[in-house]
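Student: Structure file final_17.cif (mmCIF, C-alpha atoms) right here:
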```cif
data_structure
loop_
_atom_site.label_atom_id
_atom_site.label_comp_id
_atom_site.auth_asym_id
_atom_site.auth_seq_id
_atom_site.Cartn_x
_atom_site.Cartn_y
_atom_site.Cartn_z
CA MET A 23 -78.82 -60.38 -54.39
CA LYS A 24 -81.92 -58.53 -53.21
CA HIS A 25 -82.99 -59.14 -49.63
CA THR A 26 -86.18 -57.99 -47.95
CA LEU A 27 -85.76 -57.66 -44.20
CA SER A 28 -88.78 -57.52 -41.94
CA VAL A 29 -87.64 -55.83 -38.73
CA LEU A 30 -89.97 -55.53 -35.73
CA VAL A 31 -88.98 -52.62 -33.51
CA GLU A 32 -90.37 -50.80 -30.50
CA ASN A 33 -92.57 -47.93 -31.64
CA LYS A 34 -90.43 -45.18 -30.08
CA PRO A 35 -88.84 -41.96 -31.32
CA GLY A 36 -85.35 -42.31 -32.78
CA VAL A 37 -85.55 -46.01 -33.70
CA LEU A 38 -85.67 -45.32 -37.45
CA THR A 39 -82.63 -43.04 -37.16
CA ARG A 40 -80.62 -45.70 -35.33
CA VAL A 41 -81.51 -48.44 -37.81
CA ALA A 42 -80.85 -46.27 -40.89
CA GLY A 43 -77.63 -45.03 -39.29
CA LEU A 44 -76.39 -48.59 -38.87
CA PHE A 45 -76.84 -49.18 -42.62
CA ALA A 46 -75.13 -45.87 -43.43
CA ARG A 47 -72.14 -46.59 -41.19
CA ARG A 48 -71.65 -49.93 -42.96
CA GLY A 49 -71.90 -48.28 -46.38
CA PHE A 50 -75.04 -50.20 -47.41
CA ASN A 51 -77.60 -48.60 -49.67
CA ILE A 52 -81.23 -49.07 -48.66
CA GLU A 53 -83.25 -49.51 -51.87
CA SER A 54 -86.58 -49.08 -50.14
CA LEU A 55 -87.77 -48.55 -46.60
CA VAL A 56 -91.36 -48.76 -45.37
CA VAL A 57 -92.15 -48.18 -41.69
CA ALA A 58 -95.56 -48.47 -40.11
CA GLU A 59 -97.34 -49.44 -36.92
CA THR A 60 -98.38 -53.11 -36.61
CA GLU A 61 -101.45 -54.69 -35.06
CA ASN A 62 -99.74 -53.89 -31.74
CA PRO A 63 -99.46 -50.08 -31.33
CA LEU A 64 -96.28 -50.54 -29.27
CA VAL A 65 -94.50 -52.24 -32.21
CA SER A 66 -93.62 -51.00 -35.72
CA ARG A 67 -92.50 -53.04 -38.70
CA MET A 68 -89.70 -51.84 -40.93
CA THR A 69 -89.55 -53.47 -44.35
CA ILE A 70 -86.05 -52.82 -45.66
CA THR A 71 -84.93 -53.82 -49.15
CA VAL A 72 -81.19 -54.05 -49.82
CA ASP A 73 -79.11 -55.42 -52.68
CA GLU A 74 -76.25 -57.12 -50.86
CA GLU A 75 -74.52 -60.50 -50.59
CA ASP A 76 -75.95 -63.11 -48.20
CA HIS A 77 -73.02 -62.94 -45.77
CA THR A 78 -73.22 -59.13 -45.70
CA VAL A 79 -76.93 -59.18 -44.85
CA GLU A 80 -76.22 -61.74 -42.14
CA GLN A 81 -73.66 -59.36 -40.60
CA VAL A 82 -76.16 -56.48 -40.76
CA GLY A 83 -78.70 -58.71 -39.02
CA LYS A 84 -76.26 -59.39 -36.20
CA GLN A 85 -75.59 -55.66 -35.83
CA LEU A 86 -79.32 -54.85 -35.86
CA HIS A 87 -79.93 -57.39 -33.08
CA LYS A 88 -77.55 -55.39 -30.89
CA LEU A 89 -79.76 -52.29 -31.11
CA ILE A 90 -81.87 -52.04 -27.98
CA ASN A 91 -85.21 -51.30 -29.70
CA VAL A 92 -85.00 -54.11 -32.28
CA LEU A 93 -87.27 -57.02 -31.35
CA LYS A 94 -87.05 -59.43 -34.31
CA ILE A 95 -85.42 -59.60 -37.75
CA THR A 96 -86.54 -61.86 -40.59
CA ASP A 97 -84.87 -62.12 -44.00
CA LEU A 98 -87.98 -62.91 -46.05
CA ASP A 99 -87.75 -65.64 -48.66
CA PRO A 100 -89.39 -64.35 -51.88
CA ALA A 101 -91.09 -67.72 -52.45
CA GLY A 102 -92.48 -67.74 -48.92
CA SER A 103 -93.75 -64.18 -48.78
CA VAL A 104 -96.14 -61.76 -50.43
CA GLU A 105 -94.62 -58.50 -51.66
CA ARG A 106 -96.46 -55.42 -52.86
CA GLU A 107 -95.87 -51.76 -53.65
CA LEU A 108 -98.35 -48.92 -53.72
CA LEU A 109 -98.23 -46.32 -56.45
CA LEU A 110 -100.04 -42.99 -56.69
CA LEU A 111 -99.64 -41.59 -60.18
CA LYS A 112 -100.86 -38.27 -61.58
CA VAL A 113 -100.98 -38.39 -65.36
CA LYS A 114 -102.12 -35.88 -68.00
CA ALA A 115 -105.51 -36.84 -69.38
CA ASP A 116 -107.24 -34.80 -72.03
CA ALA A 117 -110.51 -35.80 -73.70
CA GLN A 118 -108.71 -37.85 -76.37
CA SER A 119 -106.47 -39.87 -74.04
CA ARG A 120 -108.85 -40.37 -71.11
CA SER A 121 -110.56 -43.54 -72.42
CA GLU A 122 -107.24 -45.20 -73.32
CA ILE A 123 -105.87 -44.44 -69.85
CA MET A 124 -109.02 -45.88 -68.28
CA GLN A 125 -108.60 -49.11 -70.29
CA ILE A 126 -105.01 -49.55 -69.10
CA VAL A 127 -106.09 -48.81 -65.53
CA GLU A 128 -108.73 -51.55 -65.80
CA ILE A 129 -106.31 -54.09 -67.30
CA PHE A 130 -103.86 -53.55 -64.42
CA ARG A 131 -106.67 -53.61 -61.83
CA ALA A 132 -105.70 -50.14 -60.71
CA LYS A 133 -108.15 -47.53 -59.50
CA ILE A 134 -108.83 -43.93 -60.49
CA VAL A 135 -109.05 -41.93 -57.26
CA ASP A 136 -109.32 -38.37 -58.60
CA VAL A 137 -110.22 -36.74 -61.91
CA SER A 138 -109.92 -33.16 -63.10
CA SER A 139 -110.16 -31.59 -66.55
CA ALA A 140 -106.40 -31.97 -67.12
CA VAL A 141 -105.17 -34.90 -64.97
CA ILE A 142 -106.16 -38.22 -63.44
CA ILE A 143 -104.75 -39.64 -60.20
CA ILE A 144 -104.41 -43.41 -60.22
CA GLU A 145 -103.83 -45.75 -57.28
CA MET A 146 -102.25 -49.11 -57.96
CA THR A 147 -100.82 -51.98 -55.94
CA GLY A 148 -98.78 -54.89 -57.20
CA THR A 149 -95.38 -56.44 -57.41
CA ARG A 150 -92.43 -54.20 -58.20
CA ASP A 151 -92.39 -55.47 -61.81
CA LYS A 152 -96.12 -54.87 -62.30
CA VAL A 153 -95.91 -51.34 -60.92
CA SER A 154 -92.91 -50.59 -63.16
CA ALA A 155 -94.68 -51.99 -66.24
CA PHE A 156 -97.75 -49.84 -65.49
CA MET A 157 -95.58 -46.74 -65.11
CA GLU A 158 -93.91 -47.42 -68.48
CA LEU A 159 -97.32 -47.58 -70.18
CA MET A 160 -98.36 -44.29 -68.56
CA LYS A 161 -95.20 -42.34 -69.56
CA PRO A 162 -96.40 -41.48 -73.10
CA PHE A 163 -99.46 -39.71 -71.64
CA GLY A 164 -97.26 -37.44 -69.53
CA VAL A 165 -96.52 -38.25 -65.92
CA VAL A 166 -97.07 -35.13 -63.83
CA GLU A 167 -96.19 -36.60 -60.43
CA LEU A 168 -95.73 -39.98 -58.81
CA MET A 169 -95.28 -41.47 -55.37
CA ARG A 170 -94.22 -45.05 -54.77
CA THR A 171 -94.06 -46.71 -51.35
CA GLY A 172 -91.29 -49.18 -51.92
CA ARG A 173 -91.61 -52.85 -51.14
CA MET A 174 -93.88 -54.05 -48.34
CA ALA A 175 -93.70 -57.75 -47.54
CA MET A 176 -95.25 -60.33 -45.25
CA SER A 177 -94.47 -64.02 -44.84
CA ARG A 178 -97.09 -66.46 -46.10
CA GLY A 179 -99.08 -68.77 -43.85
CA LYS A 180 -99.45 -68.76 -40.11
CA ARG A 181 -97.71 -65.99 -38.24
CA PRO A 182 -94.35 -67.18 -36.89
CA THR A 183 -94.09 -67.32 -33.10
#
```
Will you turn the file into structure tokens for me?

Tutor:
Amino acid sequence: MKHTLSVLVENKPGVLTRVAGLFARRGFNIESLVVAETENPLVSRMTITVDEEDHTVEQVGKQLHKLINVLKITDLDPAGSVERELLLLKVKADAQSRSEIMQIVEIFRAKIVDVSSAVIIIEMTGTRDKVSAFMELMKPFGVVELMRTGRMAMSRGKRPT
């Protein structure tokens, strides 16, 4: 079962290494990992996606709590959270294919952020499934390069105390 862990940590050097090392020592594969500063510059949020059993994730949570720089861990409920990914996609775009690409971009509410004579760079945000579906539609045009953030997530409603 997929779990999305929201881990608040002190914004200090080496914290990411310690957290990732804990997962590695336990033999768990991290599917995606997004780390960024929060509204408090002293705190960072790690959004970690793993595909593990409930009891296994519970054990990882207990181990994470033992790390000195970890402040709070939340296993986000998919129904009670908002999840998004960011995609930057460079796709071949000649004169014949450009209008079709632009139509697909519009349908998916994506955004063209750069255009040259041979390629277009597209920015898109959405759920993992939406991003994957968009990428599949772009493949026939010729994907030159892509960058995907991995899952970012935030619980719905009022911020927990």

Student: Fewer than 6 positions away in the same chain doesn't count, so skip those; otherwise give me all residues within 9 Å of segment 143-147 of chain A, counting only C-alpha atoms, as a list in words.

Tutor: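 Within the cut-off, the hits are Arg106, Glu107, Leu108, Leu109, Leu110, Leu111, Lys112, Val113, Val127, Phe130, Arg131, Ala132, Lys133, Ile134, Val135, Asp136, Val137, Val153 and Phe156 of chain A.
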
Student: Once the PyMOL selection byres ((chain A and resi 38) around 12) has been evaluated on this model, what residues remain selected, and can you format them as a list in words?

Tutor: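 Selected by the PyMOL selection byres ((chain A and resi 38) around 12) in this file: Val29, Leu30, Val31, Glu32, Asn33, Lys34, Pro35, Gly36, Val37, Thr39, Arg40, Val41, Ala42, Gly43, Leu44, Phe45, Leu55, Val56, Val57, Ala58, Ser66, Arg67, Met68, Thr69, Ile70, Leu86, Leu89, Asn91 and Val92 of chain A.
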
Student: Which distance in Å separates atom CA of Thr149 of chain A and atom CA of Pro100 of chain A, to one decimal?

Tutor: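 Atom CA of Pro100 of chain A lies 11.4 Å from atom CA of Thr149 of chain A.
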
Student: As a PyMOL selection string, please: the residues near Gln81 of chain A (cut-off 12 Å, all atoms listed in the file, same-chain neighbours under 5 positions excluded).

Tutor: chain A and resi 44-45+48+50+74-76+86-88

Student: Looking at A:Lys114, A:Asn51, A:Leu93, A:Glu158, which one is nearest to Val65 of chain A, with distances taken over all atoms listed in the file?

Tutor: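 Residue with the minimum atom-to-atom distance to Val65 of chain A: A:Leu93.
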
Student: What does the structure give for the distance between atom CA of Val165 of chain A and atom CA of Arg120 of chain A, in Å to one decimal?

Tutor: 13.5 Å

Student: Using only C-alpha atoms - which residues lie no farther than 12 Å from the point (-107.5, -36.2, -73.5) in the file's frame? Write them as a ChimeraX atom specification.

Tutor: /A:113-124,137-142,163-164

Student: Which value, in Å to one decimal, gives the distance between atom CA of Glu105 of chain A and atom CA of Met176 of chain A?

Tutor: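 Atom-to-atom, atom CA of Glu105 of chain A and atom CA of Met176 of chain A are spaced 6.7 Å apart.
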